[in-house]
>>> print(open('structure06.csv').read())   # CSV, C-alpha atoms
chain,number,residue,atom,x,y,z
I,26,MET,CA,71.4,40.1,33.4
I,27,THR,CA,71.4,36.3,33.9
I,28,SER,CA,73.0,34.5,30.9
I,29,VAL,CA,71.5,31.3,29.6
I,30,ARG,CA,73.9,30.2,26.9
I,31,PRO,CA,73.1,27.4,24.5
I,32,ALA,CA,76.0,25.5,23.2
I,33,VAL,CA,75.3,26.7,19.7
I,34,ARG,CA,76.4,29.4,17.3
I,35,LEU,CA,74.0,32.2,16.5
I,36,SER,CA,73.8,33.6,13.0
I,37,VAL,CA,71.5,36.0,11.0
I,38,LEU,CA,69.4,35.7,7.9
I,39,ASP,CA,68.3,39.1,6.6
I,40,ARG,CA,65.8,39.3,3.7
I,41,SER,CA,66.2,43.0,3.1
I,42,ARG,CA,62.5,43.6,4.0
I,43,THR,CA,61.0,46.7,2.5
I,44,ARG,CA,58.8,49.0,4.6
I,45,GLN,CA,55.6,50.7,3.7
I,46,GLY,CA,56.2,54.1,2.0
I,47,GLU,CA,59.9,53.6,1.5
I,48,GLU,CA,62.1,52.9,-1.5
I,49,PRO,CA,63.6,49.4,-1.8
I,50,ALA,CA,67.1,51.0,-1.8
I,51,ARG,CA,66.6,51.9,1.9
I,52,ALA,CA,66.1,48.2,2.7
I,53,LEU,CA,69.4,47.3,1.0
I,54,ARG,CA,71.3,50.0,2.9
I,55,ASP,CA,69.7,48.8,6.1
I,56,THR,CA,71.0,45.3,5.3
I,57,LEU,CA,74.6,46.7,5.3
I,58,ASP,CA,74.1,48.5,8.6
I,59,PHE,CA,72.5,45.4,10.0
I,60,ALA,CA,75.5,43.3,9.0
I,61,ARG,CA,78.0,45.7,10.6
I,62,ALA,CA,75.9,45.6,13.8
I,63,ALA,CA,75.7,41.7,13.7
I,64,GLU,CA,79.4,41.6,13.4
I,65,ARG,CA,79.9,43.8,16.4
I,66,LEU,CA,77.6,41.6,18.4
I,67,GLY,CA,79.5,38.5,17.6
I,68,TYR,CA,77.1,36.7,15.3
I,69,HIS,CA,78.8,33.9,13.4
I,70,ARG,CA,77.3,34.4,9.9
I,71,PHE,CA,75.2,37.0,8.0
I,72,TRP,CA,73.2,35.6,5.2
I,73,VAL,CA,71.0,37.3,2.6
I,74,SER,CA,68.1,35.8,0.6
I,75,GLU,CA,66.8,35.5,-3.0
I,76,HIS,CA,63.3,36.7,-3.9
I,77,HIS,CA,62.1,37.8,-7.3
I,78,GLY,CA,59.3,40.2,-8.1
I,79,VAL,CA,58.2,40.4,-4.4
I,80,PRO,CA,57.1,43.9,-3.2
I,81,GLY,CA,58.1,43.2,0.4
I,82,VAL,CA,61.7,42.1,-0.3
I,83,ALA,CA,64.5,44.1,-2.0
I,84,GLY,CA,67.0,41.2,-1.9
I,85,SER,CA,66.7,39.8,-5.5
I,86,ALA,CA,70.4,39.3,-6.2
I,87,PRO,CA,71.9,37.5,-3.2
I,88,THR,CA,75.5,37.1,-4.5
I,89,VAL,CA,75.6,40.8,-5.4
I,90,LEU,CA,74.3,41.8,-2.0
I,91,ALA,CA,76.7,39.3,-0.3
I,92,ALA,CA,79.6,41.1,-2.0
I,93,ALA,CA,78.4,44.4,-0.6
I,94,VAL,CA,78.0,42.9,2.9
I,95,ALA,CA,81.4,41.3,2.8
I,96,SER,CA,82.9,44.6,1.8
I,97,ALA,CA,81.2,46.4,4.6
I,98,THR,CA,82.4,43.9,7.3
I,99,SER,CA,85.7,42.3,8.2
I,100,ARG,CA,85.2,39.1,10.3
I,101,ILE,CA,81.7,37.7,10.1
I,102,ARG,CA,81.1,34.9,7.6
I,103,VAL,CA,78.8,36.1,4.7
I,104,GLY,CA,76.6,34.0,2.5
I,105,THR,CA,73.2,33.2,1.0
I,106,GLY,CA,70.1,31.8,2.6
I,107,GLY,CA,69.9,31.0,-0.1
I,108,VAL,CA,70.6,31.0,-3.8
I,109,MET,CA,67.6,29.2,-5.3
I,110,LEU,CA,69.5,26.7,-7.5
I,111,PRO,CA,66.5,25.8,-9.8
I,112,ASN,CA,66.4,29.5,-10.9
I,113,HIS,CA,70.0,29.4,-12.2
I,114,ARG,CA,72.6,27.5,-14.2
I,115,PRO,CA,75.1,25.7,-11.9
I,116,LEU,CA,78.0,27.1,-13.9
I,117,VAL,CA,77.0,30.7,-13.3
I,118,VAL,CA,76.4,30.0,-9.6
I,119,ALA,CA,79.9,28.4,-9.3
I,120,GLU,CA,81.5,31.4,-11.0
I,121,GLN,CA,79.7,33.9,-8.8
I,122,PHE,CA,80.7,32.1,-5.6
I,123,GLY,CA,84.2,31.6,-6.9
I,124,VAL,CA,84.5,35.4,-7.4
I,125,LEU,CA,83.2,36.0,-3.9
I,126,ALA,CA,85.6,33.4,-2.3
I,127,ALA,CA,88.5,34.8,-4.2
I,128,LEU,CA,87.8,38.3,-3.0
I,129,PHE,CA,86.9,37.4,0.6
I,130,PRO,CA,88.9,34.1,1.3
I,131,GLY,CA,87.6,32.1,4.2
I,132,ARG,CA,84.5,34.1,4.8
I,133,ILE,CA,82.0,33.0,2.1
I,134,ASP,CA,79.2,30.4,2.6
I,135,MET,CA,77.0,29.0,-0.2
I,136,GLY,CA,73.5,28.4,1.1
I,137,LEU,CA,71.4,26.7,-1.6
I,138,GLY,CA,67.6,26.3,-1.8
I,139,ARG,CA,65.2,24.3,-4.0
I,140,SER,CA,62.4,27.0,-4.4
I,141,VAL,CA,61.4,28.4,-7.7
I,142,GLY,CA,59.6,31.7,-8.5
I,143,PHE,CA,56.8,32.9,-6.2
I,144,THR,CA,54.3,33.3,-9.0
I,145,ASP,CA,53.6,31.9,-12.5
I,146,GLY,CA,54.7,35.2,-14.0
I,147,VAL,CA,58.0,35.2,-12.2
I,148,ARG,CA,58.7,31.6,-13.1
I,149,ARG,CA,58.0,32.4,-16.8
I,150,ALA,CA,60.3,35.4,-16.6
I,151,LEU,CA,63.0,33.2,-15.1
I,152,GLY,CA,62.4,30.5,-17.8
I,153,ARG,CA,61.5,27.9,-15.1
I,154,GLU,CA,58.5,25.7,-14.3
I,155,LYS,CA,57.2,24.5,-11.0
I,156,ASP,CA,58.9,21.1,-11.4
I,157,ALA,CA,62.3,22.7,-11.8
I,158,ALA,CA,63.1,21.8,-8.2
I,159,ASP,CA,62.9,18.1,-9.1
I,160,ASP,CA,66.4,18.4,-10.7
I,161,PHE,CA,67.9,19.9,-7.6
I,162,GLY,CA,70.1,16.8,-6.8
I,163,ALA,CA,71.7,16.8,-10.2
I,164,GLN,CA,72.1,20.6,-10.2
I,165,LEU,CA,73.8,20.4,-6.8
I,166,ALA,CA,76.2,17.7,-7.9
I,167,GLU,CA,77.1,19.7,-11.0
I,168,LEU,CA,77.6,22.8,-9.0
I,169,LEU,CA,79.9,21.2,-6.4
I,170,GLY,CA,81.8,19.5,-9.2
I,171,TYR,CA,82.8,22.8,-10.6
I,172,PHE,CA,84.7,23.5,-7.3
I,173,ASP,CA,86.5,20.2,-7.1
I,174,GLY,CA,86.9,19.5,-10.8
I,175,SER,CA,84.7,16.5,-10.8
I,176,GLN,CA,81.7,17.7,-12.8
I,177,ARG,CA,81.0,15.7,-16.0
I,178,ALA,CA,77.6,17.1,-17.1
I,179,HIS,CA,79.5,19.4,-19.5
I,180,ARG,CA,82.9,17.9,-20.3
I,181,GLY,CA,85.7,20.3,-20.8
I,182,VAL,CA,83.9,23.1,-19.0
I,183,ARG,CA,85.6,24.5,-15.9
I,184,ALA,CA,84.4,27.3,-13.6
I,185,ARG,CA,86.9,30.1,-13.1
I,186,PRO,CA,87.9,31.1,-10.5
I,187,ALA,CA,85.8,28.6,-8.5
I,188,GLU,CA,87.8,25.4,-9.3
I,189,GLY,CA,90.1,24.5,-6.4
I,190,LEU,CA,88.5,26.9,-3.9
I,191,HIS,CA,86.7,25.6,-0.8
I,192,VAL,CA,83.3,27.3,-0.3
I,193,PRO,CA,81.2,25.6,2.3
I,194,ALA,CA,77.8,24.6,0.9
I,195,PHE,CA,74.6,24.3,2.8
I,196,VAL,CA,71.2,22.9,1.7
I,197,LEU,CA,68.1,24.8,2.8
I,198,ALA,CA,65.2,22.4,3.4
I,199,THR,CA,61.7,21.9,4.9
I,200,GLY,CA,61.3,18.2,4.3
I,201,ALA,CA,62.5,16.2,1.3
I,202,GLY,CA,65.5,18.5,1.0
I,203,ALA,CA,66.9,17.0,4.2
I,204,ASP,CA,67.4,13.7,2.4
I,205,LEU,CA,69.3,15.5,-0.4
I,206,ALA,CA,71.5,17.2,2.1
I,207,ALA,CA,72.3,13.9,3.8
I,208,ASP,CA,73.0,12.1,0.5
I,209,ALA,CA,75.4,14.9,-0.6
I,210,GLY,CA,77.1,15.1,2.8
I,211,LEU,CA,76.2,18.7,3.3
I,212,PRO,CA,75.1,20.8,6.3
I,213,LEU,CA,71.4,21.1,6.7
I,214,VAL,CA,69.5,24.4,7.2
I,215,ILE,CA,65.9,23.8,8.3
I,216,ALA,CA,62.9,25.6,9.8
I,217,ALA,CA,59.7,24.5,11.4
I,218,ALA,CA,57.7,25.7,8.4
I,219,HIS,CA,55.3,22.7,8.8
I,220,GLY,CA,55.5,22.4,12.5
I,221,GLU,CA,58.3,21.4,15.0
I,222,ASP,CA,57.5,17.7,15.0
I,223,ARG,CA,58.0,17.4,11.2
I,224,MET,CA,61.2,19.4,11.5
I,225,LEU,CA,62.5,17.1,14.2
I,226,GLU,CA,61.6,14.1,12.1
I,227,ALA,CA,63.5,15.5,9.1
I,228,ILE,CA,66.5,16.2,11.3
I,229,ASP,CA,66.5,12.7,12.6
I,230,ARG,CA,66.3,11.3,9.1
I,231,TYR,CA,69.1,13.6,7.9
I,232,ARG,CA,71.4,12.4,10.7
I,233,ALA,CA,70.6,8.7,10.1
I,234,ARG,CA,71.1,9.0,6.3
I,235,PHE,CA,74.1,11.3,6.3
I,236,ARG,CA,77.0,10.3,4.1
I,237,PRO,CA,80.4,11.9,5.0
I,238,SER,CA,81.9,14.0,2.2
I,239,ALA,CA,84.7,16.4,1.5
I,240,GLN,CA,82.4,19.2,2.7
I,241,ALA,CA,81.5,17.7,6.0
I,242,ALA,CA,82.7,14.6,7.9
I,243,GLU,CA,79.6,14.5,10.1
I,244,PRO,CA,76.0,15.9,10.1
I,245,TYR,CA,75.7,19.6,10.8
I,246,VAL,CA,72.3,21.1,11.6
I,247,VAL,CA,71.3,24.8,11.4
I,248,VAL,CA,67.8,25.4,12.7
I,249,SER,CA,66.3,28.7,11.6
I,250,GLY,CA,63.5,30.7,13.0
I,251,THR,CA,62.2,34.0,14.5
I,252,VAL,CA,63.4,35.1,17.9
I,253,ALA,CA,61.9,38.4,19.1
I,254,VAL,CA,63.3,40.0,22.2
I,255,ALA,CA,62.3,43.1,24.1
I,256,GLY,CA,62.1,44.5,27.6
I,257,THR,CA,58.7,42.9,28.2
I,258,ALA,CA,57.0,39.8,26.7
I,259,GLU,CA,54.2,42.0,25.4
I,260,ARG,CA,56.6,44.3,23.5
I,261,ALA,CA,58.4,41.2,22.1
I,262,ARG,CA,55.2,39.8,20.7
I,263,GLU,CA,54.4,43.2,19.2
I,264,LEU,CA,57.6,42.8,17.1
I,265,LEU,CA,56.0,39.7,15.4
I,266,VAL,CA,52.9,41.6,14.1
I,267,PRO,CA,54.3,43.2,10.9
I,268,GLU,CA,55.8,40.0,9.5
I,269,ALA,CA,52.8,38.0,10.6
I,270,TRP,CA,50.5,40.3,8.7
I,271,SER,CA,52.7,40.1,5.6
I,272,GLY,CA,52.7,36.4,5.7
I,273,ALA,CA,48.9,36.3,6.2
I,274,TYR,CA,48.4,38.7,3.3
I,275,SER,CA,50.5,36.6,1.0
I,276,ARG,CA,48.5,33.5,1.8
I,277,THR,CA,45.2,35.2,1.3
I,278,HIS,CA,46.0,37.6,-1.6
I,279,GLY,CA,49.0,36.0,-3.4
I,280,GLU,CA,51.3,38.9,-2.8
I,281,PHE,CA,53.9,39.4,-0.1
I,282,PRO,CA,53.7,43.2,0.9
I,283,PRO,CA,56.1,45.6,2.6
I,284,LEU,CA,56.1,45.7,6.3
I,285,ALA,CA,53.6,48.0,8.0
I,286,PRO,CA,53.5,49.5,11.5
I,287,ALA,CA,52.1,47.1,14.2
I,288,ALA,CA,49.6,49.7,15.4
I,289,GLU,CA,48.2,50.1,11.9
I,290,ILE,CA,47.9,46.4,11.4
I,291,ARG,CA,46.1,45.9,14.7
I,292,ALA,CA,43.6,48.6,13.7
I,293,ARG,CA,42.7,46.8,10.4
I,294,SER,CA,39.4,45.2,9.7
I,295,MET,CA,40.3,41.6,8.7
I,296,THR,CA,38.2,39.1,6.9
I,297,ALA,CA,37.7,35.8,8.7
I,298,ARG,CA,40.2,34.2,6.4
I,299,GLU,CA,42.8,36.9,6.9
I,300,ARG,CA,42.3,36.8,10.7
I,301,THR,CA,42.9,33.1,10.7
I,302,ALA,CA,46.0,33.3,8.6
I,303,TYR,CA,47.3,36.2,10.7
I,304,GLU,CA,46.8,34.5,14.0
I,305,GLN,CA,48.5,31.3,12.7
I,306,SER,CA,51.4,33.5,11.5
I,307,LEU,CA,51.9,34.8,15.1
I,308,THR,CA,52.5,31.3,16.4
I,309,GLY,CA,55.5,29.0,16.5
I,310,HIS,CA,58.1,31.7,17.2
I,311,ILE,CA,60.2,32.5,20.2
I,312,ALA,CA,59.3,35.9,21.8
I,313,GLY,CA,59.8,37.3,25.2
I,314,THR,CA,62.2,39.1,27.6
I,315,PRO,CA,65.9,38.3,27.2
I,316,GLU,CA,65.8,35.6,29.9
I,317,GLN,CA,62.6,34.0,28.4
I,318,ALA,CA,63.9,34.0,24.8
I,319,ALA,CA,67.3,32.6,25.8
I,320,ALA,CA,65.6,29.8,27.8
I,321,GLU,CA,63.2,29.0,25.0
I,322,LEU,CA,66.0,29.0,22.5
I,323,ALA,CA,68.2,26.7,24.7
I,324,ALA,CA,65.2,24.3,25.0
I,325,LEU,CA,64.7,24.2,21.2
I,326,VAL,CA,68.4,23.6,20.7
I,327,GLU,CA,68.3,20.8,23.1
I,328,ARG,CA,65.2,19.2,21.4
I,329,SER,CA,66.7,19.5,17.9
I,330,GLY,CA,70.4,18.9,18.7
I,331,ALA,CA,71.1,21.9,16.5
I,332,ASP,CA,74.7,23.0,16.0
I,333,GLU,CA,73.7,26.5,15.0
I,334,PHE,CA,70.6,28.7,15.1
I,335,LEU,CA,69.9,31.1,12.2
I,336,VAL,CA,67.8,34.0,13.5
I,337,THR,CA,65.4,35.3,10.8
I,338,THR,CA,63.5,38.0,12.7
I,339,SER,CA,62.0,40.9,10.7
I,340,THR,CA,59.8,43.8,11.9
I,341,TYR,CA,58.8,47.3,10.9
I,342,ASP,CA,60.6,49.2,13.7
I,343,ARG,CA,64.4,49.2,12.8
I,344,THR,CA,65.5,50.3,16.2
I,345,ALA,CA,63.5,47.6,17.9
I,346,LEU,CA,64.8,45.0,15.5
I,347,PHE,CA,68.4,45.8,16.2
I,348,ASP,CA,67.7,45.9,19.9
I,349,SER,CA,66.1,42.5,19.7
I,350,TYR,CA,69.3,41.0,18.1
I,351,ARG,CA,71.4,42.8,20.7
I,352,LEU,CA,69.4,41.6,23.7
I,353,LEU,CA,69.5,38.1,22.4
I,354,ALA,CA,73.3,38.2,21.9
I,355,GLU,CA,73.8,39.5,25.4
I,356,ALA,CA,71.4,37.1,27.0
I,357,VAL,CA,73.0,34.0,25.5
I,358,GLY,CA,76.7,35.1,25.9
I,359,GLN,CA,77.1,35.2,22.1
I,360,VAL,CA,80.2,33.4,20.7
I,361,ARG,CA,82.2,35.5,18.2
I,362,ALA,CA,82.9,34.2,14.7
I,363,GLY,CA,85.9,32.0,14.8
I,364,GLY,CA,85.3,31.5,18.5
I,365,ASP,CA,85.5,28.5,20.8
I,366,LEU,CA,83.2,26.0,19.1
I,367,PRO,CA,85.6,23.4,17.5
I,368,GLY,CA,85.1,20.7,15.0
I,369,HIS,CA,84.1,22.5,11.8
I,370,ASP,CA,85.7,24.9,9.3
I,371,PHE,CA,82.5,26.6,8.4
>>> encode(input="structure06.csv", output="structure tokens")
Amino acid sequence: MTSVRPAVRLSVLDRSRTRQGEEPARALRDTLDFARAAERLGYHRFWVSEHHGVPGVAGSAPTVLAAAVASATSRIRVGTGGVMLPNHRPLVVAEQFGVLAALFPGRIDMGLGRSVGFTDGVRRALGREKDAADDFGAQLAELLGYFDGSQRAHRGVRARPAEGLHVPAFVLATGAGADLAADAGLPLVIAAAHGEDRMLEAIDRYRARFRPSAQAAEPYVVVSGTVAVAGTAERARELLVPEAWSGAYSRTHGEFPPLAPAAEIRARSMTARERTAYEQSLTGHIAGTPEQAAAELAALVERSGADEFLVTTSTYDRTALFDSYRLLAEAVGQVRAGGDLPGHDF
């Protein structure tokens, strides 16, 4: 197989997607199996996500799940993509990551997002409002201050065992968050949620505005997205169908459902609104044979100047999902964690 290797690290974000007719516990066990496979394939990081009250996602407690992933692996970096900081008190987040970093030194990442609960009911249950994200900058500063001892929001309060530990922090963003990452001097994780042009504009703004910090001396960009790989381009596109339908259903019904088989989805009678949302959800991804996917990924890395690509693919067929990650790793000549990309300690 011809290798087209982008000069970029490849990592994984797994959301512990539930599948139709199965218990959520199965999805969490799958995440552990997936992490072990990603480590064998040389992926640099394995991150888990935070979703509350969502039928299609079992990953509601990312720091708890990250501890299980770190215990199940030995080399790969483990973290969150991300902990939604507006949902939590910074002290508690610092304590949780402090415990993780103390147990698994040199392997823990702290990915932080600005999103709040998916629905009004979830936000009320969390004790948060929609505008909670407006305080992200102050929350972020307080959180980081617990690690270096500089926090002054609550004088005399110190996070144990976080204080004095180095846990790389990342800001997950779609637009305005890029400015917050730049001002804080933190690595940026960004997706083309609103189109590639807007993502590239945000990346340019981040690099121009970046202020060096103790966390990072220079900008570091992680682009995230779906990459579906199979023996044929048609089969690769088929892998996109379950997640595309879940996304379309969430936009038209307000609920993100478990993954369903692609054949079942294709046989559905969709309303015009559902069909439009579904077809939109199928676009903007990389999908094809190993050679096609590797070439498209290399081109995206070139356009964005990304230092790392966070692969976020989900699909109903577990075997096909694992094969997709394996074929991608083989096609790009995957660099192992701690490999030959210098210049950063994260």
>>> closest_residue(input="structure06.csv", among="I:Thr338, I:Asn112, I:Thr199, I:Thr56", to="I:Leu225", atoms="all atoms listed in the file")
I:Thr199
>>> closest_residue(input="structure06.csv", among="I:Arg351, I:Arg291, I:Arg262, I:Arg234", to="I:Tyr68", atoms="all atoms listed in the file")
I:Arg351
>>> atom_distance(input="structure06.csv", atom1="atom CA of I:Asp55", atom2="atom CA of I:Thr105")
16.8 Å
>>> residues_near_point(input="structure06.csv", point="(78.0, 15.9, -4.2)", cutoff="12 Å", atoms="all atoms listed in the file", output="MDAnalysis selection string")
chainID I and resid 161:176 194:196 205:212 236:241
>>> closest_residue(input="structure06.csv", among="I:Asp156, I:Glu64, I:Glu268, I:Asp204", to="I:Ala95", atoms="all atoms listed in the file")
I:Glu64
>>> residues_around(input="structure06.csv", residues="I:Val73", least_positions_apart="4", cutoff="7 Å", atoms="all atoms listed in the file", output="JSON, numbers by chain")
{"I": [38, 39, 40, 87, 91, 104, 105, 106, 107]}
>>> write_last_selection(input="structure06.csv", atoms="C-alpha atoms", output="JSON list (two decimals), in the coordinates of the input")
[["chain", "number", "residue", "atom", "x", "y", "z"],
["I", 38, "LEU", "CA", 69.40, 35.70, 7.90],
["I", 39, "ASP", "CA", 68.30, 39.10, 6.60],
["I", 40, "ARG", "CA", 65.80, 39.30, 3.70],
["I", 87, "PRO", "CA", 71.90, 37.50, -3.20],
["I", 91, "ALA", "CA", 76.70, 39.30, -0.30],
["I", 104, "GLY", "CA", 76.60, 34.00, 2.50],
["I", 105, "THR", "CA", 73.20, 33.20, 1.00],
["I", 106, "GLY", "CA", 70.10, 31.80, 2.60],
["I", 107, "GLY", "CA", 69.90, 31.00, -0.10]]
>>> closest_residue(input="structure06.csv", among="I:Gly272, I:Gly200, I:Gly330, I:Pro315", to="I:Pro244", atoms="all atoms listed in the file")
I:Gly330
>>> closest_residue(input="structure06.csv", among="I:Tyr341, I:Trp72, I:Tyr231, I:Tyr350", to="I:Pro282", atoms="all atoms listed in the file")
I:Tyr341
>>> closest_residue(input="structure06.csv", among="I:Gly131, I:Val248, I:Val147, I:His77", to="I:Glu327", atoms="all atoms listed in the file")
I:Val248
>>> axis_aligned_box(input="structure06.csv", around="stretch 141-148 of chain I", padding_each_side="3 Å", output="AutoDock Vina command-line options")
--center_x 57.5 --center_y 31.8 --center_z -10.1 --size_x 13.8 --size_y 12.8 --size_z 13.8
>>> atom_distance(input="structure06.csv", atom1="atom CA of I:Ala242", atom2="atom CA of I:Leu190")
18.0 Å
>>> residues_around(input="structure06.csv", residues="I:Asp159", least_positions_apart="4", cutoff="9 Å", atoms="all atoms listed in the file", output="PyMOL selection string")
chain I and resi 111+139+155+163
>>> residues_around(input="structure06.csv", residues="I:Pro283", least_positions_apart="5", cutoff="12 Å", atoms="all atoms listed in the file", output="VMD selection string")
chain I and resid 40 to 49 52 79 to 83 267 to 272 274 to 275 339 to 341
>>> residues_near_point(input="structure06.csv", point="(48.2, 32.5, 10.5)", cutoff="10 Å", atoms="only C-alpha atoms", output="VMD selection string")
chain I and resid 269 to 270 272 to 274 276 298 to 308
>>> residues_around(input="structure06.csv", residues="I:Arg70", least_positions_apart="3", cutoff="10 Å", atoms="only C-alpha atoms", output="number ranges by chain")
I: 34-38, 60, 63-64, 67, 100-105, 132-134, 335, 361-362, 371
>>> atom_distance(input="structure06.csv", atom1="atom CA of I:Glu355", atom2="atom CA of I:Leu57")
21.4 Å
>>> decode(input="structure06.csv", residues="stretch 290-298 of chain I", atoms="all heavy atoms", output="short mmCIF file (atom, residue, chain, number, x, y, z; two decimals), in the first residue's frame")
data_model
loop_
_atom_site.label_atom_id
_atom_site.label_comp_id
_atom_site.auth_asym_id
_atom_site.auth_seq_id
_atom_site.Cartn_x
_atom_site.Cartn_y
_atom_site.Cartn_z
N ILE I 290 -31.39 2.79 8.13
CA ILE I 290 -31.55 4.23 7.92
C ILE I 290 -31.89 4.52 6.46
O ILE I 290 -32.77 5.33 6.15
CB ILE I 290 -30.28 4.97 8.35
CG1 ILE I 290 -30.10 4.86 9.87
CG2 ILE I 290 -30.32 6.44 7.91
CD1 ILE I 290 -28.74 5.26 10.36
N ARG I 291 -31.21 3.86 5.55
CA ARG I 291 -31.46 4.09 4.13
C ARG I 291 -32.88 3.70 3.73
O ARG I 291 -33.43 4.23 2.77
CB ARG I 291 -30.44 3.33 3.29
CG ARG I 291 -29.02 3.89 3.37
CD ARG I 291 -28.15 3.32 2.28
NE ARG I 291 -26.78 3.81 2.34
CZ ARG I 291 -26.37 5.00 1.91
NH1 ARG I 291 -27.25 5.84 1.41
NH2 ARG I 291 -25.10 5.35 1.99
N ALA I 292 -33.47 2.76 4.47
CA ALA I 292 -34.84 2.31 4.16
C ALA I 292 -35.91 3.20 4.78
O ALA I 292 -37.10 3.02 4.52
CB ALA I 292 -35.02 0.87 4.63
N ARG I 293 -35.51 4.16 5.61
CA ARG I 293 -36.48 5.02 6.29
C ARG I 293 -37.18 5.97 5.31
O ARG I 293 -36.60 6.41 4.33
CB ARG I 293 -35.79 5.88 7.36
CG ARG I 293 -35.28 5.13 8.55
CD ARG I 293 -34.57 6.10 9.49
NE ARG I 293 -33.91 5.42 10.59
CZ ARG I 293 -34.45 5.20 11.78
NH1 ARG I 293 -35.69 5.63 12.02
NH2 ARG I 293 -33.79 4.57 12.73
N SER I 294 -38.42 6.28 5.64
CA SER I 294 -39.12 7.37 4.96
C SER I 294 -38.86 8.64 5.74
O SER I 294 -39.26 8.74 6.91
CB SER I 294 -40.62 7.08 4.89
OG SER I 294 -40.87 5.93 4.11
N MET I 295 -38.16 9.59 5.16
CA MET I 295 -37.81 10.82 5.84
C MET I 295 -38.68 11.96 5.37
O MET I 295 -39.06 12.03 4.20
CB MET I 295 -36.33 11.18 5.58
CG MET I 295 -35.33 10.14 6.03
SD MET I 295 -33.63 10.73 5.77
CE MET I 295 -32.72 9.19 6.04
N THR I 296 -38.98 12.87 6.28
CA THR I 296 -39.65 14.10 5.88
C THR I 296 -38.66 14.95 5.10
O THR I 296 -37.44 14.70 5.12
CB THR I 296 -40.13 14.88 7.11
OG1 THR I 296 -38.98 15.33 7.86
CG2 THR I 296 -41.02 14.02 8.01
N ALA I 297 -39.17 15.96 4.42
CA ALA I 297 -38.29 16.83 3.64
C ALA I 297 -37.25 17.49 4.55
O ALA I 297 -36.07 17.60 4.18
CB ALA I 297 -39.11 17.89 2.92
N ARG I 298 -37.68 17.89 5.75
CA ARG I 298 -36.76 18.53 6.69
C ARG I 298 -35.69 17.55 7.17
O ARG I 298 -34.51 17.89 7.27
CB ARG I 298 -37.55 19.09 7.86
CG ARG I 298 -36.74 19.90 8.85
CD ARG I 298 -37.64 20.73 9.74
NE ARG I 298 -36.89 21.36 10.83
CZ ARG I 298 -36.96 21.01 12.09
NH1 ARG I 298 -37.77 20.01 12.45
NH2 ARG I 298 -36.25 21.63 13.01
#
